$ cat run-v9.txt   # compact mmCIF, C-alpha atoms
# COMPACT_ATOMS: atom_id res chain seq x y z
CA MET R 1 -74.17 66.39 -93.03
CA LEU R 2 -72.28 69.70 -92.78
CA LYS R 3 -74.10 70.43 -89.53
CA ASN R 4 -71.36 68.40 -87.98
CA LYS R 5 -68.31 70.41 -86.86
CA LEU R 6 -65.93 67.57 -87.63
CA GLN R 7 -67.34 67.33 -91.14
CA ILE R 8 -66.91 71.08 -91.62
CA LEU R 9 -63.27 70.85 -90.48
CA VAL R 10 -62.49 67.93 -92.79
CA THR R 11 -64.27 69.64 -95.71
CA LEU R 12 -62.30 72.85 -95.15
CA ILE R 13 -59.02 70.89 -95.09
CA PHE R 14 -60.04 69.12 -98.30
CA LEU R 15 -60.98 72.41 -99.98
CA GLY R 16 -57.70 73.95 -98.79
CA PHE R 17 -55.60 71.16 -100.28
CA GLY R 18 -57.86 71.09 -103.36
CA GLY R 19 -57.34 74.81 -103.92
CA TRP R 20 -53.60 74.40 -103.42
CA TRP R 21 -53.58 71.51 -105.92
CA ILE R 22 -55.34 73.66 -108.53
CA GLU R 23 -52.95 76.52 -107.85
CA LEU R 24 -49.82 74.39 -108.27
CA GLN R 25 -50.88 72.95 -111.64
CA HIS R 26 -49.14 75.79 -113.46
CA VAL R 27 -45.81 74.88 -111.83
CA VAL R 28 -46.20 71.11 -111.61
CA SER R 29 -44.11 70.47 -114.72
CA GLN R 30 -41.12 72.12 -112.99
CA GLN R 31 -41.46 69.72 -110.01
CA GLY R 32 -40.21 72.39 -107.62
CA SER R 33 -40.47 72.69 -103.87
CA GLU R 34 -44.16 73.63 -103.93
CA VAL R 35 -45.05 70.29 -105.50
CA SER R 36 -42.84 68.53 -102.92
CA TRP R 37 -44.58 70.35 -100.07
CA PHE R 38 -47.97 69.38 -101.45
CA GLU R 39 -46.86 65.76 -101.85
CA ASN R 40 -45.49 65.69 -98.31
CA THR R 41 -48.51 67.16 -96.60
CA TYR R 42 -51.82 66.21 -98.24
CA GLY R 43 -51.71 62.86 -96.42
CA LEU R 44 -52.76 64.88 -93.38
CA MET R 45 -56.28 64.22 -94.64
CA ALA R 46 -55.66 60.46 -94.28
CA LEU R 47 -54.18 60.95 -90.81
CA ILE R 48 -57.20 62.95 -89.64
CA GLY R 49 -59.55 60.39 -91.18
CA SER R 50 -57.77 57.55 -89.40
CA ILE R 51 -57.96 59.33 -86.02
CA ILE R 52 -61.69 59.91 -86.59
CA GLY R 53 -62.06 56.21 -87.42
CA PHE R 54 -60.08 55.04 -84.37
CA CYS R 55 -62.37 57.18 -82.18
CA ALA R 56 -65.48 55.62 -83.77
CA ILE R 57 -64.46 52.01 -83.17
CA LYS R 58 -65.28 51.88 -79.45
CA LYS R 59 -68.75 53.32 -80.01
CA TRP R 60 -69.57 50.39 -82.28
CA GLY R 61 -68.38 47.69 -79.91
CA GLY R 62 -64.65 47.66 -80.65
CA LEU R 63 -63.04 44.41 -81.74
CA LYS R 64 -65.94 42.36 -80.37
CA THR R 65 -68.19 43.39 -83.26
CA VAL R 66 -68.07 43.00 -87.02
CA LEU R 67 -68.66 46.71 -87.64
CA GLY R 68 -66.00 47.63 -85.07
CA LYS R 69 -63.47 45.43 -86.87
CA ALA R 70 -64.42 46.93 -90.25
CA LEU R 71 -63.93 50.46 -88.88
CA LEU R 72 -60.60 49.47 -87.30
CA PHE R 73 -59.18 48.14 -90.55
CA PHE R 74 -60.46 51.09 -92.62
CA SER R 75 -58.77 53.40 -90.11
CA LEU R 76 -55.56 51.37 -90.22
CA GLY R 77 -55.67 51.49 -94.02
CA LEU R 78 -55.89 55.28 -93.96
CA PHE R 79 -53.18 55.53 -91.32
CA ALA R 80 -50.89 53.30 -93.39
CA GLN R 81 -51.42 55.59 -96.41
CA GLU R 82 -50.17 58.54 -94.37
CA ALA R 83 -47.29 56.47 -92.95
CA GLY R 84 -46.24 55.53 -96.49
CA GLN R 85 -46.33 59.15 -97.57
CA LEU R 86 -44.29 60.30 -94.55
CA ILE R 87 -41.68 57.59 -95.13
CA TYR R 88 -41.38 58.60 -98.79
CA SER R 89 -41.05 62.23 -97.68
CA TYR R 90 -38.27 61.22 -95.29
CA TYR R 91 -36.31 59.69 -98.16
CA THR R 92 -36.70 62.70 -100.41
CA GLN R 93 -36.59 65.57 -97.90
CA VAL R 94 -34.31 64.33 -95.10
CA ASP R 95 -32.09 61.69 -96.69
CA LYS R 96 -32.23 63.58 -100.02
CA ILE R 97 -32.25 60.33 -101.97
CA GLN R 98 -34.49 58.93 -104.68
CA ILE R 99 -37.17 56.72 -103.13
CA PRO R 100 -35.84 53.14 -103.12
CA TYR R 101 -38.05 50.29 -104.29
CA PRO R 102 -38.92 48.35 -102.31
CA SER R 103 -38.61 50.47 -99.19
CA TRP R 104 -40.22 50.87 -95.77
CA GLY R 105 -42.75 53.07 -97.55
CA ASP R 106 -43.91 49.99 -99.43
CA ALA R 107 -44.37 48.16 -96.11
CA ALA R 108 -46.87 50.89 -95.21
CA TYR R 109 -48.54 51.15 -98.64
CA PHE R 110 -48.82 47.40 -99.11
CA GLY R 111 -50.00 47.13 -95.50
CA SER R 112 -52.72 49.61 -96.41
CA VAL R 113 -53.88 47.32 -99.22
CA LEU R 114 -54.04 44.37 -96.80
CA PHE R 115 -55.93 46.46 -94.24
CA TYR R 116 -58.46 47.52 -96.89
CA ILE R 117 -58.97 43.90 -98.00
CA THR R 118 -59.65 42.90 -94.37
CA ALA R 119 -61.93 45.91 -93.84
CA ALA R 120 -63.91 45.16 -97.02
CA PHE R 121 -64.31 41.54 -95.86
CA PHE R 122 -65.80 42.65 -92.54
CA LEU R 123 -67.99 45.22 -94.28
CA ALA R 124 -69.34 42.46 -96.54
CA LYS R 125 -70.24 40.56 -93.35
CA VAL R 126 -71.94 43.63 -91.90
CA VAL R 127 -74.17 44.00 -94.97
CA GLY R 128 -75.05 40.32 -94.82
CA ILE R 129 -74.09 39.20 -98.31
CA ARG R 130 -74.66 35.62 -97.17
CA PHE R 131 -78.41 36.25 -97.14
CA SER R 132 -78.45 37.28 -100.79
CA MET R 133 -76.22 34.36 -101.74
CA ARG R 134 -78.59 31.92 -100.06
CA LYS R 135 -81.58 33.35 -101.92
CA SER R 136 -80.37 33.42 -105.48
CA PHE R 137 -78.00 31.55 -107.75
CA LEU R 138 -77.47 34.82 -109.64
CA TYR R 139 -75.95 36.40 -106.54
CA LYS R 140 -73.65 33.41 -106.04
CA ALA R 141 -72.55 33.84 -109.65
CA ILE R 142 -71.94 37.56 -109.11
CA ALA R 143 -69.79 36.77 -106.07
CA ILE R 144 -67.55 34.63 -108.31
CA ILE R 145 -67.69 36.49 -111.63
CA VAL R 146 -67.05 40.05 -110.38
CA PRO R 147 -63.76 39.20 -108.61
CA LEU R 148 -62.67 37.09 -111.61
CA ILE R 149 -63.32 39.98 -114.03
CA LEU R 150 -61.50 42.48 -111.83
CA LEU R 151 -58.54 40.17 -111.22
CA ILE R 152 -58.19 39.23 -114.88
CA GLY R 153 -58.68 42.86 -115.94
CA SER R 154 -56.03 44.03 -113.48
CA TYR R 155 -53.65 41.35 -114.70
CA LEU R 156 -54.16 42.18 -118.39
CA ILE R 157 -53.87 45.95 -117.94
CA LEU R 158 -51.27 46.21 -115.20
CA LEU R 159 -49.23 42.99 -115.21
CA HIS R 160 -49.35 41.45 -118.69
CA ASN R 161 -45.91 41.84 -120.32
CA HIS R 162 -44.57 43.36 -117.10
CA GLN R 163 -40.80 42.99 -116.83
CA TYR R 164 -40.06 41.44 -113.44
CA ASP R 165 -36.64 41.76 -111.87
CA THR R 166 -36.36 38.14 -110.78
CA SER R 167 -33.10 38.82 -108.96
CA LYS R 168 -35.18 40.69 -106.36
CA PRO R 169 -37.97 38.43 -105.06
CA LEU R 170 -39.50 41.16 -102.88
CA THR R 171 -39.78 43.45 -105.90
CA VAL R 172 -41.48 40.68 -107.88
CA PHE R 173 -43.85 40.09 -104.95
CA LEU R 174 -44.79 43.77 -104.70
CA ASP R 175 -45.05 44.25 -108.49
CA ALA R 176 -47.70 41.53 -108.58
CA GLY R 177 -49.02 42.03 -105.06
CA TYR R 178 -50.13 45.65 -105.39
CA PRO R 179 -52.47 45.17 -108.40
CA ILE R 180 -53.77 41.82 -107.16
CA GLY R 181 -54.33 43.12 -103.63
CA GLU R 182 -56.08 46.22 -104.88
CA ALA R 183 -58.28 44.12 -107.18
CA CYS R 184 -59.16 42.03 -104.10
CA TYR R 185 -60.45 44.93 -101.98
CA ILE R 186 -62.43 46.48 -104.82
CA SER R 187 -63.84 43.03 -105.71
CA ILE R 188 -65.07 42.45 -102.17
CA ALA R 189 -66.48 45.99 -102.00
CA THR R 190 -68.25 45.61 -105.36
CA VAL R 191 -69.72 42.24 -104.40
CA ALA R 192 -70.82 43.70 -101.05
CA TYR R 193 -72.57 46.54 -102.86
CA LEU R 194 -74.23 44.42 -105.55
CA LEU R 195 -75.43 41.76 -103.13
CA SER R 196 -76.74 44.14 -100.50
CA ARG R 197 -78.16 47.02 -102.53
CA LYS R 198 -81.73 45.68 -102.46
CA MET R 199 -81.67 44.76 -98.77
CA LEU R 200 -79.54 47.52 -97.27
CA GLY R 201 -81.54 50.35 -95.82
CA GLY R 202 -82.02 52.27 -92.62
CA ILE R 203 -79.86 54.80 -90.90
CA MET R 204 -76.61 52.87 -91.57
CA LYS R 205 -77.03 52.86 -95.36
CA SER R 206 -75.42 56.24 -95.97
CA GLY R 207 -72.28 55.39 -93.95
CA ILE R 208 -71.81 52.06 -95.67
CA LEU R 209 -72.33 53.49 -99.16
CA LEU R 210 -69.81 56.25 -98.40
CA VAL R 211 -67.22 53.68 -97.31
CA LEU R 212 -67.80 51.74 -100.54
CA LEU R 213 -67.46 54.96 -102.55
CA ALA R 214 -64.21 55.76 -100.72
CA LEU R 215 -62.84 52.33 -101.64
CA LEU R 216 -63.79 52.94 -105.27
CA VAL R 217 -61.98 56.30 -105.37
CA GLN R 218 -58.99 54.73 -103.58
CA TYR R 219 -58.94 51.94 -106.17
CA ILE R 220 -59.10 54.40 -109.08
CA SER R 221 -56.14 56.26 -107.52
CA ASP R 222 -54.12 53.08 -106.91
CA PHE R 223 -54.90 51.70 -110.37
CA THR R 224 -53.92 54.96 -112.07
CA PHE R 225 -50.71 55.22 -110.05
CA ILE R 226 -49.57 51.71 -110.99
CA TYR R 227 -50.63 52.18 -114.63
CA GLN R 228 -48.66 55.42 -114.91
CA SER R 229 -45.66 54.16 -112.90
CA ASN R 230 -45.33 51.08 -115.12
CA ARG R 231 -45.20 53.37 -118.17
CA ASN R 232 -43.02 56.01 -116.49
CA THR R 233 -45.75 58.59 -117.02
CA TYR R 234 -46.53 59.32 -113.36
CA VAL R 235 -45.91 62.97 -112.51
CA PRO R 236 -46.16 63.98 -108.83
CA GLY R 237 -48.80 66.64 -108.20
CA ARG R 238 -50.98 65.73 -111.17
CA LEU R 239 -54.54 64.37 -111.15
CA ASP R 240 -53.65 61.09 -109.41
CA ASP R 241 -52.56 62.93 -106.26
CA PHE R 242 -55.83 64.84 -106.23
CA SER R 243 -57.60 61.51 -106.62
CA TYR R 244 -55.78 60.18 -103.53
CA LEU R 245 -56.72 63.35 -101.63
CA ALA R 246 -60.37 62.80 -102.65
CA ALA R 247 -60.20 59.14 -101.56
CA TYR R 248 -58.93 60.16 -98.09
CA PHE R 249 -61.62 62.83 -97.88
CA VAL R 250 -64.46 60.46 -98.78
CA MET R 251 -63.18 57.83 -96.33
CA ALA R 252 -62.85 60.44 -93.57
CA THR R 253 -66.40 61.60 -94.36
CA ALA R 254 -67.66 58.02 -94.17
CA LEU R 255 -65.99 57.52 -90.78
CA ILE R 256 -67.48 60.81 -89.54
CA ARG R 257 -70.84 59.50 -90.69
CA PHE R 258 -70.53 56.58 -88.25
CA HIS R 259 -69.99 59.10 -85.41
CA ALA R 260 -73.05 61.03 -86.59
CA ILE R 261 -75.20 57.90 -86.81
CA TYR R 262 -74.15 56.93 -83.29
CA ARG R 263 -75.08 60.39 -82.01
CA LYS R 264 -78.48 60.23 -83.73
CA LEU R 265 -79.18 56.88 -82.12
CA GLN R 266 -78.16 58.22 -78.71
CA HIS R 267 -80.43 61.19 -79.30
CA SER R 268 -83.35 58.96 -80.28
CA ASN R 269 -82.79 56.92 -77.08
CA ALA R 270 -82.95 60.12 -75.06
CA THR R 271 -86.25 61.31 -76.54
CA PRO R 272 -89.34 61.53 -74.27
CA HIS R 273 -91.33 58.37 -73.53
CA GLY R 274 -88.09 56.44 -73.08
CA GLY R 275 -87.18 56.95 -76.71
CA LYS R 276 -89.81 54.44 -77.70
CA THR R 277 -90.44 56.22 -80.97
CA LYS R 278 -89.41 55.66 -84.51
CA LEU R 279 -86.40 57.49 -85.90
CA PRO R 280 -87.30 60.33 -88.27
CA ALA R 281 -87.77 59.08 -91.84
CA ALA R 282 -84.68 60.94 -93.08
CA ASP R 283 -82.53 59.26 -90.41
CA ARG R 284 -83.78 55.85 -91.51
CA GLY R 285 -82.32 56.40 -94.96
CA GLU R 286 -85.71 57.11 -96.49
CA GLU R 287 -84.77 60.54 -97.87
CA MET J 1 -87.35 31.93 -69.91
CA ASP J 2 -90.21 31.48 -72.37
CA VAL J 3 -89.73 31.01 -76.09
CA TYR J 4 -90.47 34.61 -77.04
CA ALA J 5 -87.97 35.91 -74.50
CA GLN J 6 -85.39 33.47 -75.85
CA ILE J 7 -86.11 34.69 -79.38
CA VAL J 8 -85.61 38.28 -78.22
CA GLN J 9 -82.38 37.30 -76.49
CA ASN J 10 -81.06 35.55 -79.61
CA ILE J 11 -81.95 38.52 -81.81
CA ILE J 12 -80.24 41.02 -79.50
CA LYS J 13 -77.15 38.78 -79.32
CA ALA J 14 -76.98 38.55 -83.12
CA GLN J 15 -77.34 42.31 -83.54
CA GLU J 16 -74.85 42.94 -80.74
CA ALA J 17 -72.28 40.86 -82.60
CA ILE J 18 -72.59 43.32 -85.50
CA ILE J 19 -73.00 46.73 -83.86
CA GLY J 20 -72.12 46.21 -80.20
CA PRO J 21 -73.85 47.92 -77.27
CA VAL J 22 -75.99 50.00 -79.64
CA ALA J 23 -78.00 46.80 -80.21
CA VAL J 24 -78.93 46.61 -76.51
CA GLU J 25 -79.70 50.33 -76.35
CA GLN J 26 -82.03 50.00 -79.33
CA ALA J 27 -83.76 46.98 -77.79
CA GLU J 28 -84.38 49.05 -74.66
CA ARG J 29 -86.46 51.42 -76.83
CA VAL J 30 -88.99 48.67 -77.48
CA PRO J 31 -92.16 48.92 -75.40
CA HIS J 32 -92.95 45.95 -73.17
CA LEU J 33 -89.41 44.54 -73.26
CA LYS J 34 -87.63 44.35 -69.92
CA ILE J 35 -83.92 43.83 -70.44
CA ASN J 36 -81.13 43.27 -67.95
CA TRP J 37 -78.37 42.60 -70.44
CA ASP J 38 -75.60 42.35 -67.82
CA LYS J 39 -77.34 39.15 -66.71
CA HIS J 40 -78.64 38.40 -70.22
CA GLN J 41 -82.16 38.44 -68.78
CA VAL J 42 -85.10 39.33 -70.98
CA SER J 43 -88.79 39.35 -70.17
CA ILE J 44 -91.84 40.51 -72.06
CA ASP J 45 -94.63 42.37 -70.39
CA GLY J 46 -97.58 42.34 -72.79
CA ASN J 47 -98.26 40.91 -76.23
CA GLU J 48 -95.21 38.73 -76.88
CA PRO J 49 -95.37 38.33 -80.70
CA GLU J 50 -95.93 42.08 -81.03
CA ALA J 51 -92.91 42.80 -78.83
CA VAL J 52 -90.75 40.60 -81.07
CA ASN J 53 -92.14 42.39 -84.15
CA ALA J 54 -91.39 45.77 -82.56
CA LEU J 55 -87.82 44.71 -81.76
CA ILE J 56 -87.20 43.63 -85.35
CA GLU J 57 -88.74 46.89 -86.58
CA VAL J 58 -86.36 48.90 -84.39
CA TYR J 59 -83.38 47.01 -85.82
CA SER J 60 -84.67 47.41 -89.37
CA GLU J 61 -84.41 51.17 -88.83
CA LEU J 62 -80.63 50.57 -88.70
CA PHE J 63 -79.91 48.31 -91.68
CA GLY J 64 -83.29 47.80 -93.38
CA GLN J 65 -84.09 44.31 -94.65
CA ILE J 66 -80.63 43.07 -93.63
CA SER J 67 -81.55 43.53 -89.96
CA LYS J 68 -84.72 41.50 -90.55
CA GLU J 69 -82.69 38.69 -92.12
CA VAL J 70 -80.22 38.71 -89.22
CA SER J 71 -83.14 38.54 -86.78
CA LYS J 72 -84.82 35.69 -88.65
CA GLU J 73 -81.56 33.74 -88.72
CA ALA J 74 -81.04 34.30 -84.98
CA ALA J 75 -84.59 33.24 -84.16
CA SER J 76 -84.74 30.24 -86.50
CA PRO J 77 -83.58 27.56 -84.00
CA LEU J 78 -86.53 28.47 -81.75
CA LEU J 79 -89.29 28.90 -84.31
CA GLY J 80 -90.14 25.17 -84.28
CA LYS J 81 -91.36 25.61 -80.70
CA LEU J 82 -94.14 27.93 -81.85
CA SER J 83 -97.21 26.99 -83.85
CA GLY J 84 -97.85 28.92 -87.07
CA ASP J 85 -100.47 31.25 -85.62
CA LYS J 86 -98.21 32.20 -82.72
CA LEU J 87 -95.25 33.13 -84.90
CA PRO J 88 -94.44 36.85 -84.86
CA SER J 89 -95.34 38.15 -88.34
CA ALA J 90 -91.86 39.63 -88.84
CA LEU J 91 -90.36 36.15 -88.56
CA LYS J 92 -92.62 34.49 -91.14

$ encode --input "run-v9.txt" --output "structure tokens"
Amino acid sequence: MLKNKLQILVTLIFLGFGGWWIELQHVVSQQGSEVSWFENTYGLMALIGSIIGFCAIKKWGGLKTVLGKALLFFSLGLFAQEAGQLIYSYYTQVDKIQIPYPSWGDAAYFGSVLFYITAAFFLAKVVGIRFSMRKSFLYKAIAIIVPLILLIGSYLILLHNHQYDTSKPLTVFLDAGYPIGEACYISIATVAYLLSRKMLGGIMKSGILLVLLALLVQYISDFTFIYQSNRNTYVPGRLDDFSYLAAYFVMATALIRFHAIYRKLQHSNATPHGGKTKLPAADRGEE
Amino acid sequence: MDVYAQIVQNIIKAQEAIIGPVAVEQAERVPHLKINWDKHQVSIDGNEPEAVNALIEVYSELFGQISKEVSKEAASPLLGKLSGDKLPSALK
């Protein structure tokens, strides 16, 4: 995978921010300017990932195809993460105020959740979960039970006994909307994985599994952030920020993978004899 | 257009809806298939069931069994026009 220059660049950026994150752990309790700089800049990984994704969309048919739509919404989700971070940075660094809640940053962050839900929906269509559901009652049950467990679990852990400020309807909406929305995208992704894992193969498998892994890491980050924020234990620059950085990195890697798969297919078309040969076993996901 | 060519056309259309022009490029790798996708014209020069099998095999290199299921679904409205022994094995 690292043969790819884009992948090397993204990996170096990730390692750079990762090294910086490790280095700032000894000053994170002081919440000084170094932590602020880290907080304001590591979203660059999401921005780069989104640009990579936007460039991949056209190769896979753009908005006319299911995969193109999935890639578009994953890219928009990443872009919205960076937008949210930049807006928050504007409040703290330019306006020099505490981040208001709700704010325009929440428009971006909540938008990201909606984009990821839409992307996961299209990805579930790409991996053909309908075929598994037609074949087995067990799979139909999984498609109902998994989302129920995740929604109920999210409610019990993140929303049960939550004190809503009912004088601010938008705040109430976001307080409930973030955990429910995040449970929705991870539910769809989990169902997509469980229902397709026996049928999914070929050269596309690695890209799709990486996207699903990226959604899982994103969910862990989002879940941890809400859990800690609700208990006033969130500290900027700690593990949750590294988790977000990792989520952006894995998603960027997944989107790069779709470029790489496209290139391999173009290469196989250009092989002698009109490309009328099988792809190498490793490229077909048979490693 | 004969039934096999229609099956091929349906399969390419279904795959194109998922992955776009890559689906047509992959179909062009299949021996004995003549494709003019701008006009949605498909013809088979040679053993027709084998050409359909080869097309499905090419797509299964992309998504594995899922591609086979998509192909079967796309071909299903036309399978009634073929007797059992003339069905491409990949569609059984």

$ residues_around --input "run-v9.txt" --residues "Gln81 of chain R" --least-positions-apart "4" --cutoff "12 Å" --atoms "only C-alpha atoms" --output "PDB file with C-alpha atoms, in the frame of the given file"
ATOM      1  CA  ASN R  40     -45.490  65.690 -98.310  1.00  0.00           C
ATOM      2  CA  THR R  41     -48.510  67.160 -96.600  1.00  0.00           C
ATOM      3  CA  TYR R  42     -51.820  66.210 -98.240  1.00  0.00           C
ATOM      4  CA  GLY R  43     -51.710  62.860 -96.420  1.00  0.00           C
ATOM      5  CA  LEU R  44     -52.760  64.880 -93.380  1.00  0.00           C
ATOM      6  CA  MET R  45     -56.280  64.220 -94.640  1.00  0.00           C
ATOM      7  CA  ALA R  46     -55.660  60.460 -94.280  1.00  0.00           C
ATOM      8  CA  LEU R  47     -54.180  60.950 -90.810  1.00  0.00           C
ATOM      9  CA  ILE R  48     -57.200  62.950 -89.640  1.00  0.00           C
ATOM     10  CA  GLY R  49     -59.550  60.390 -91.180  1.00  0.00           C
ATOM     11  CA  SER R  50     -57.770  57.550 -89.400  1.00  0.00           C
ATOM     12  CA  PHE R  74     -60.460  51.090 -92.620  1.00  0.00           C
ATOM     13  CA  SER R  75     -58.770  53.400 -90.110  1.00  0.00           C
ATOM     14  CA  LEU R  76     -55.560  51.370 -90.220  1.00  0.00           C
ATOM     15  CA  GLY R  77     -55.670  51.490 -94.020  1.00  0.00           C
ATOM     16  CA  GLN R  85     -46.330  59.150 -97.570  1.00  0.00           C
ATOM     17  CA  LEU R  86     -44.290  60.300 -94.550  1.00  0.00           C
ATOM     18  CA  ILE R  87     -41.680  57.590 -95.130  1.00  0.00           C
ATOM     19  CA  TYR R  88     -41.380  58.600 -98.790  1.00  0.00           C
ATOM     20  CA  GLY R 105     -42.750  53.070 -97.550  1.00  0.00           C
ATOM     21  CA  ASP R 106     -43.910  49.990 -99.430  1.00  0.00           C
ATOM     22  CA  ALA R 107     -44.370  48.160 -96.110  1.00  0.00           C
ATOM     23  CA  ALA R 108     -46.870  50.890 -95.210  1.00  0.00           C
ATOM     24  CA  TYR R 109     -48.540  51.150 -98.640  1.00  0.00           C
ATOM     25  CA  PHE R 110     -48.820  47.400 -99.110  1.00  0.00           C
ATOM     26  CA  GLY R 111     -50.000  47.130 -95.500  1.00  0.00           C
ATOM     27  CA  SER R 112     -52.720  49.610 -96.410  1.00  0.00           C
ATOM     28  CA  VAL R 113     -53.880  47.320 -99.220  1.00  0.00           C
ATOM     29  CA  LEU R 114     -54.040  44.370 -96.800  1.00  0.00           C
ATOM     30  CA  PHE R 115     -55.930  46.460 -94.240  1.00  0.00           C
ATOM     31  CA  TYR R 116     -58.460  47.520 -96.890  1.00  0.00           C
ATOM     32  CA  GLN R 218     -58.990  54.730-103.580  1.00  0.00           C
ATOM     33  CA  ASP R 222     -54.120  53.080-106.910  1.00  0.00           C
ATOM     34  CA  TYR R 244     -55.780  60.180-103.530  1.00  0.00           C
ATOM     35  CA  LEU R 245     -56.720  63.350-101.630  1.00  0.00           C
ATOM     36  CA  ALA R 247     -60.200  59.140-101.560  1.00  0.00           C
ATOM     37  CA  TYR R 248     -58.930  60.160 -98.090  1.00  0.00           C
ATOM     38  CA  MET R 251     -63.180  57.830 -96.330  1.00  0.00           C
TER      39      MET R 251
END

$ closest_residue --input "run-v9.txt" --among "R:Phe14, R:Trp60, R:Tyr91, R:Phe137" --to "chain J" --atoms "only C-alpha atoms"
R:Trp60

$ atom_distance --input "run-v9.txt" --atom1 "atom CA of Thr190 of chain R" --atom2 "atom CA of Leu123 of chain R"
11.1 Å

$ closest_atom_pairs --input "run-v9.txt" --of "chain R" --to "chain J" --cutoff "7 Å" --atoms "only C-alpha atoms" --output "JSON lines"
{"residue": "R:Trp60", "atom": "CA", "partner": "J:Ile19", "partner_atom": "CA", "distance": 5.3}
{"residue": "R:Gly61", "atom": "CA", "partner": "J:Gly20", "partner_atom": "CA", "distance": 4.0}
{"residue": "R:Lys64", "atom": "CA", "partner": "J:Ala17", "partner_atom": "CA", "distance": 6.9}
{"residue": "R:Thr65", "atom": "CA", "partner": "J:Ala17", "partner_atom": "CA", "distance": 4.9}
{"residue": "R:Val66", "atom": "CA", "partner": "J:Ile18", "partner_atom": "CA", "distance": 4.8}
{"residue": "R:Leu67", "atom": "CA", "partner": "J:Ile18", "partner_atom": "CA", "distance": 5.6}
{"residue": "R:Val126", "atom": "CA", "partner": "J:Ile18", "partner_atom": "CA", "distance": 6.4}
{"residue": "R:Val127", "atom": "CA", "partner": "J:Ile66", "partner_atom": "CA", "distance": 6.7}
{"residue": "R:Gly128", "atom": "CA", "partner": "J:Ile66", "partner_atom": "CA", "distance": 6.3}
{"residue": "R:Met199", "atom": "CA", "partner": "J:Gln65", "partner_atom": "CA", "distance": 4.8}
{"residue": "R:Leu200", "atom": "CA", "partner": "J:Gly64", "partner_atom": "CA", "distance": 5.4}
{"residue": "R:Gly201", "atom": "CA", "partner": "J:Gly64", "partner_atom": "CA", "distance": 3.9}
{"residue": "R:Gly202", "atom": "CA", "partner": "J:Leu62", "partner_atom": "CA", "distance": 4.5}
{"residue": "R:Ile203", "atom": "CA", "partner": "J:Leu62", "partner_atom": "CA", "distance": 4.8}
{"residue": "R:Met204", "atom": "CA", "partner": "J:Leu62", "partner_atom": "CA", "distance": 5.4}
{"residue": "R:Lys205", "atom": "CA", "partner": "J:Phe63", "partner_atom": "CA", "distance": 6.5}
{"residue": "R:Asn269", "atom": "CA", "partner": "J:Arg29", "partner_atom": "CA", "distance": 6.6}
{"residue": "R:Gly274", "atom": "CA", "partner": "J:Arg29", "partner_atom": "CA", "distance": 6.5}
{"residue": "R:Gly275", "atom": "CA", "partner": "J:Arg29", "partner_atom": "CA", "distance": 5.6}
{"residue": "R:Lys276", "atom": "CA", "partner": "J:Arg29", "partner_atom": "CA", "distance": 4.6}
{"residue": "R:Arg284", "atom": "CA", "partner": "J:Glu61", "partner_atom": "CA", "distance": 5.4}

$ residues_around --input "run-v9.txt" --residues "Ile11 of chain J" --least-positions-apart "6" --cutoff "9 Å" --atoms "all atoms listed in the file" --output "PyMOL selection string"
chain J and resi 55-56+70-75

$ atom_distance --input "run-v9.txt" --atom1 "atom CA of Ile12 of chain J" --atom2 "atom CA of Tyr139 of chain R"
27.8 Å

$ closest_residue --input "run-v9.txt" --among "J:Asn36, J:Gln41, J:Gln6, J:Asn53" --to "Leu78 of chain J" --atoms "only C-alpha atoms"
J:Gln6

$ atom_distance --input "run-v9.txt" --atom1 "atom CA of Lys5 of chain R" --atom2 "atom CA of Phe249 of chain R"
15.0 Å

$ closest_residue --input "run-v9.txt" --among "J:Gln9, J:Glu50, J:Ser83, J:Pro88" --to "Lys34 of chain J" --atoms "all atoms listed in the file"
J:Gln9

$ closest_residue --input "run-v9.txt" --among "J:Gly80, J:Leu91, J:Pro49, J:Asp85" --to "Ala5 of chain J" --atoms "all atoms listed in the file"
J:Pro49

$ closest_residue --input "run-v9.txt" --among "R:Val35, R:Ile145, R:Val217, R:Ile13" --to "Val235 of chain R" --atoms "only C-alpha atoms"
R:Val35

$ residues_around --input "run-v9.txt" --residues "Leu158 of chain R" --least-positions-apart "4" --cutoff "9 Å" --atoms "only C-alpha atoms" --output "mmCIF file with C-alpha atoms, in the coordinates of the input"
data_model
loop_
_atom_site.group_PDB
_atom_site.id
_atom_site.type_symbol
_atom_site.label_atom_id
_atom_site.label_comp_id
_atom_site.auth_asym_id
_atom_site.auth_seq_id
_atom_site.Cartn_x
_atom_site.Cartn_y
_atom_site.Cartn_z
ATOM 1 C CA GLY R 153 -58.680 42.860 -115.940
ATOM 2 C CA SER R 154 -56.030 44.030 -113.480
ATOM 3 C CA HIS R 162 -44.570 43.360 -117.100
ATOM 4 C CA ALA R 176 -47.700 41.530 -108.580
ATOM 5 C CA PRO R 179 -52.470 45.170 -108.400
ATOM 6 C CA PHE R 223 -54.900 51.700 -110.370
ATOM 7 C CA ILE R 226 -49.570 51.710 -110.990
ATOM 8 C CA TYR R 227 -50.630 52.180 -114.630
ATOM 9 C CA ASN R 230 -45.330 51.080 -115.120
#

$ residues_around --input "run-v9.txt" --residues "Tyr101 of chain R" --least-positions-apart "6" --cutoff "10 Å" --atoms "all atoms listed in the file" --output "list in words"
Leu170, Thr171 and Leu174 of chain R

$ residues_around --input "run-v9.txt" --residues "Phe258 of chain R" --least-positions-apart "4" --cutoff "7 Å" --atoms "all atoms listed in the file" --output "ChimeraX atom specification"
/R:56,207,254,262

$ write_last_selection --input "run-v9.txt" --atoms "C-alpha atoms" --output "short mmCIF file (atom, residue, chain, number, x, y, z; two decimals), keeping the file's coordinate frame"
data_model
loop_
_atom_site.label_atom_id
_atom_site.label_comp_id
_atom_site.auth_asym_id
_atom_site.auth_seq_id
_atom_site.Cartn_x
_atom_site.Cartn_y
_atom_site.Cartn_z
CA ALA R 56 -65.48 55.62 -83.77
CA GLY R 207 -72.28 55.39 -93.95
CA ALA R 254 -67.66 58.02 -94.17
CA TYR R 262 -74.15 56.93 -83.29
#
